[in-house]
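Just below is one structure, and these are the notes that go with it.
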Amino acid sequence: MAAGGRRRGALEQEVLASLAAAGRPLTVAEVLADLGDGLAYTTVMTALSRLHAKGALSREPVGRAFAYALAADPAALEASLTARRMSRLLDAGTDRADVLARFVADLGPADERVLTELLAGDRRDPDDGRGEPGGGDPDGGAGRR
Amino acid sequence: MCLPLVVSALLGATAPRLGRRLPPATAVRLLTAALLLAALATGFVLAVAGALVLGQVPVVAAVGHWSARALGAGVPVPTGVGALAAVVVCGLAGAALRRAVRGGSDLLRSALACRQLGAAGPAGLVVVPDEDPDAYALPGLTGRVVVTTAMLRALPAPERRVLLAHEAAHLRHRHHLWVQAAELAAAADPLLRPGARAVRAAVERWADEDAAAEVGDRALAARALARAALARSAARPRSAPAGALAATDGAVVDRARALLAGPPPPRRWLAGAVGAVLLATSAAVLVTGADTDARFDAAQSVYGSR
């Protein structure tokens, strides 16, 4: 099973998402700091090298470590065209594409205010998602295993 | 005989409430089963009503070798109603067939898109470089999660994890099949239309609950929804026509509130009550079927004895 009570493949997805969000090559330590969540260094390193072995990531040496980035292969370009076509279908708003499940629907005018308040109210909360300490959170680690 | 119609209307009217009150996974399964059953039962009694009236037409009776008079004796269906039922049931069957073909072709197209994404989606995730924050699950034999870079940048890592878990739940539980089945039922019986919408909403709630369970933090899941929805609406300020927004108004807010409200109670009695109504409907339809069968048999024996 995957690390930290995650479903199979979840950590690899999170690592890919992390690199895509950063938009630049990241070292194992940087990915670990981004993901936080009490993950072990070796766990993240294994996920990165597995993705590299699959050809999903490219890597370059940085000092004594490697920095990983999303591989820019030709298949990815074609894939993103396919994906764009599907999302255009979703945007058409017809039920033509109702096999697709979008994460969040469009908002009504009143919804934006409510959701903004939800996030703002939460920022006063010390346990904000953004504020999770990277790696060194013994509680988060213990709670998950 | 008109019990299925009553049940359909009732189900259509109560499905949105049922969908919110039942635990999402139960709601999806139970409502979809109820919608399919109600649609079948409605189609069946309409067909029976139509057959009883059409069967009294002399030409039809001669072809079927039954007595038109014996068939019509004591039939509770007025001629006009029966004829209308026959027309309506043909129309609905046609609509259901069209919907089934369309649903099938949509699923096939999605599966083909997944295959095209094959090499480019290690771990089932396809990242699309795009400034429009968006994320969706693409069902297929092995489905894909498609996320744009703008959406990934909009969310901190723990919330990205919620998003990925949510979409993975859609694929793992084959939510698209439940939605398609509910839509098929609604096409066959338009009284059930609100029920199909309730199944769609419950499917999102199911994936939200799965994601919240996976990250072990309901508030985190609610924040992920809020931030993703706000990022999306900031990137496309009111570009959609006014009418298009109405269908989804409040949907994200409802989901976030449901997450913050705590785990859904099982409400077994409610699920049991819905199940009991379904059983009663099935029984009534079976009785109607048997009655009709007996009536045609009797009419045939009268025809034969002449």
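Ordered as shown in the structure tokens, chains take letters A, B, and onward, while each chain numbers its residues from 1 and ligands are numbered from 1 in the order shown.
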
Counting only C-alpha atoms, which residues in chain A sit no more than 8 Å from chain B? For each one, give the nearest pair of atoms and the distance in Å, sorted by chain then residue number, as a Markdown table.
| residue | atom | partner | partner_atom | distance |
| --- | --- | --- | --- | --- |
| A:Gly5 | CA | B:Glu214 | CA | 7.8 |
| A:Arg6 | CA | B:Glu214 | CA | 7.0 |
| A:Gly9 | CA | B:Ala123 | CA | 5.5 |
| A:Ala10 | CA | B:Ala165 | CA | 7.6 |
| A:Glu12 | CA | B:Ala123 | CA | 6.2 |
| A:Gln13 | CA | B:Ala123 | CA | 6.0 |
| A:Glu14 | CA | B:Arg161 | CA | 6.3 |
| A:Leu16 | CA | B:Leu125 | CA | 8.0 |
| A:Ala17 | CA | B:Leu152 | CA | 6.4 |
| A:Ser18 | CA | B:Ala157 | CA | 6.9 |
| A:Ala20 | CA | B:Thr149 | CA | 6.1 |
| A:Ala21 | CA | B:Arg153 | CA | 4.5 |
| A:Ala22 | CA | B:Arg153 | CA | 7.2 |
| A:Asp34 | CA | B:Ala157 | CA | 6.3 |
| A:Leu35 | CA | B:Ala157 | CA | 5.5 |
| A:Asp37 | CA | B:Pro158 | CA | 7.9 |
| A:Leu51 | CA | B:Pro122 | CA | 7.5 |
| A:Lys54 | CA | B:Pro122 | CA | 7.4 |
| A:Ala56 | CA | B:Pro122 | CA | 6.6 |
| A:Ala75 | CA | B:Ala120 | CA | 5.9 |
| A:Ala76 | CA | B:Ala120 | CA | 5.2 |
| A:Glu78 | CA | B:Leu117 | CA | 8.0 |
| A:Ala79 | CA | B:Leu117 | CA | 5.0 |
| A:Ser80 | CA | B:Val128 | CA | 5.1 |
| A:Thr82 | CA | B:Ala113 | CA | 6.5 |
| A:Ala83 | CA | B:Val146 | CA | 6.9 |
| A:Arg84 | CA | B:Val128 | CA | 7.8 |
| A:Gly93 | CA | B:Ala244 | CA | 6.9 |
| A:Arg96 | CA | B:Asp106 | CA | 7.3 |
| A:Ala97 | CA | B:Asp106 | CA | 6.7 |
| A:Asp98 | CA | B:Asp106 | CA | 7.9 |
| A:Val99 | CA | B:His176 | CA | 5.4 |
| A:Leu100 | CA | B:Leu138 | CA | 5.6 |
| A:Ala101 | CA | B:Tyr136 | CA | 5.4 |
| A:Arg102 | CA | B:Tyr136 | CA | 4.1 |
| A:Phe103 | CA | B:Tyr136 | CA | 5.6 |
| A:Val104 | CA | B:Ala229 | CA | 5.5 |
| A:Ala105 | CA | B:Thr248 | CA | 6.1 |
| A:Asp106 | CA | B:Thr248 | CA | 6.2 |
| A:Leu107 | CA | B:Asp249 | CA | 5.7 |
| A:Gly108 | CA | B:Asp249 | CA | 4.6 |
| A:Ala110 | CA | B:Gly250 | CA | 8.0 |
| A:Asp111 | CA | B:Gly250 | CA | 5.9 |
| A:Glu112 | CA | B:Leu230 | CA | 6.5 |
| A:Val114 | CA | B:Val253 | CA | 7.2 |
| A:Leu115 | CA | B:Ala226 | CA | 5.3 |
| A:Thr116 | CA | B:Ala226 | CA | 7.4 |
| A:Leu118 | CA | B:Arg223 | CA | 7.4 |
| A:Leu119 | CA | B:Arg223 | CA | 6.2 |
| A:Asp128 | CA | B:Leu220 | CA | 8.0 |
| A:Gly129 | CA | B:Pro158 | CA | 6.2 |
| A:Arg130 | CA | B:Pro156 | CA | 5.8 |

Fill in: Residues flagged alpha helix (DSSP H) by DSSP in region 39-189 of chain B, as number ranges by chain
B: 39-54, 58-64, 68-72, 79-116, 149-154, 157-172, 175-188

Preceding selection exported with C-alpha atoms as a short mmCIF file (atom, residue, chain, number, x, y, z; two decimals), in the first residue's frame:
data_model
loop_
_atom_site.label_atom_id
_atom_site.label_comp_id
_atom_site.auth_asym_id
_atom_site.auth_seq_id
_atom_site.Cartn_x
_atom_site.Cartn_y
_atom_site.Cartn_z
CA ALA B 39 -39.59 4.53 -14.71
CA LEU B 40 -40.05 0.85 -15.57
CA ALA B 41 -43.27 0.61 -13.54
CA THR B 42 -44.69 3.75 -15.14
CA GLY B 43 -43.82 2.56 -18.62
CA PHE B 44 -45.35 -0.81 -17.84
CA VAL B 45 -48.72 0.45 -16.58
CA LEU B 46 -48.98 2.92 -19.46
CA ALA B 47 -48.31 0.06 -21.85
CA VAL B 48 -50.94 -2.09 -20.11
CA ALA B 49 -53.53 0.71 -20.25
CA GLY B 50 -52.76 1.22 -23.92
CA ALA B 51 -52.93 -2.51 -24.67
CA LEU B 52 -56.28 -2.94 -22.95
CA VAL B 53 -57.83 -0.18 -25.05
CA LEU B 54 -56.10 -1.05 -28.32
CA PRO B 58 -61.88 -5.27 -33.68
CA VAL B 59 -58.95 -5.68 -36.11
CA VAL B 60 -56.45 -6.02 -33.26
CA ALA B 61 -58.73 -8.46 -31.43
CA ALA B 62 -59.04 -10.61 -34.55
CA VAL B 63 -55.28 -10.73 -35.04
CA GLY B 64 -54.76 -11.58 -31.35
CA ALA B 68 -62.89 -7.61 -27.85
CA ARG B 69 -66.01 -7.51 -25.70
CA ALA B 70 -64.66 -9.92 -23.05
CA LEU B 71 -61.40 -7.97 -22.92
CA GLY B 72 -63.22 -4.68 -22.46
CA THR B 79 -60.86 4.64 -24.12
CA GLY B 80 -59.42 8.13 -24.46
CA VAL B 81 -57.02 7.61 -21.55
CA GLY B 82 -55.87 4.27 -22.91
CA ALA B 83 -55.19 5.69 -26.35
CA LEU B 84 -53.29 8.59 -24.83
CA ALA B 85 -51.29 6.16 -22.67
CA ALA B 86 -50.32 4.20 -25.78
CA VAL B 87 -49.09 7.35 -27.52
CA VAL B 88 -47.22 8.58 -24.43
CA VAL B 89 -45.52 5.25 -23.75
CA CYS B 90 -44.25 5.09 -27.33
CA GLY B 91 -42.89 8.63 -27.04
CA LEU B 92 -41.19 7.87 -23.72
CA ALA B 93 -39.70 4.62 -24.97
CA GLY B 94 -38.27 6.56 -27.90
CA ALA B 95 -36.83 9.21 -25.59
CA ALA B 96 -35.30 6.54 -23.34
CA LEU B 97 -33.74 4.80 -26.31
CA ARG B 98 -32.25 8.05 -27.60
CA ARG B 99 -30.90 8.84 -24.12
CA ALA B 100 -29.38 5.36 -23.81
CA VAL B 101 -27.64 5.67 -27.18
CA ARG B 102 -26.34 9.12 -26.29
CA GLY B 103 -25.15 8.03 -22.84
CA GLY B 104 -23.39 5.06 -24.40
CA SER B 105 -21.67 7.16 -27.04
CA ASP B 106 -20.59 9.76 -24.44
CA LEU B 107 -19.07 7.04 -22.27
CA LEU B 108 -17.34 5.54 -25.29
CA ARG B 109 -15.94 8.92 -26.29
CA SER B 110 -14.66 9.49 -22.79
CA ALA B 111 -13.07 6.03 -22.73
CA LEU B 112 -11.37 6.76 -26.08
CA ALA B 113 -10.09 10.08 -24.73
CA CYS B 114 -8.67 8.17 -21.75
CA ARG B 115 -6.85 5.86 -24.13
CA GLN B 116 -5.39 8.82 -25.99
CA THR B 149 -1.85 24.05 -13.89
CA ALA B 150 -3.87 27.12 -12.88
CA MET B 151 -6.04 24.98 -10.59
CA LEU B 152 -2.98 23.32 -9.04
CA ARG B 153 -1.36 26.72 -8.40
CA ALA B 154 -4.56 28.00 -6.78
CA ALA B 157 -0.72 21.02 -1.19
CA PRO B 158 -3.21 19.65 1.40
CA GLU B 159 -6.12 21.02 -0.64
CA ARG B 160 -4.67 19.61 -3.86
CA ARG B 161 -4.78 16.30 -2.07
CA VAL B 162 -8.51 16.79 -1.41
CA LEU B 163 -9.12 17.55 -5.09
CA LEU B 164 -7.21 14.46 -6.24
CA ALA B 165 -8.99 12.25 -3.70
CA HIS B 166 -12.38 13.65 -4.78
CA GLU B 167 -11.81 12.91 -8.46
CA ALA B 168 -10.31 9.49 -7.69
CA ALA B 169 -13.47 8.66 -5.72
CA HIS B 170 -15.61 9.49 -8.79
CA LEU B 171 -13.60 7.04 -10.86
CA ARG B 172 -13.29 4.35 -8.19
CA HIS B 175 -20.16 7.51 -10.44
CA HIS B 176 -20.68 8.19 -14.13
CA LEU B 177 -22.65 4.94 -14.47
CA TRP B 178 -25.02 5.88 -11.64
CA VAL B 179 -25.58 9.30 -13.17
CA GLN B 180 -26.20 7.83 -16.61
CA ALA B 181 -28.67 5.30 -15.20
CA ALA B 182 -30.54 8.06 -13.34
CA GLU B 183 -30.61 10.20 -16.49
CA LEU B 184 -31.99 7.25 -18.45
CA ALA B 185 -34.79 6.82 -15.92
CA ALA B 186 -35.57 10.55 -16.12
CA ALA B 187 -35.71 10.37 -19.93
CA ALA B 188 -38.17 7.47 -19.72
#

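Straight-line separation from CA of Ala290 (chain B) to CA of Met1 (chain B): 12.2 Å.
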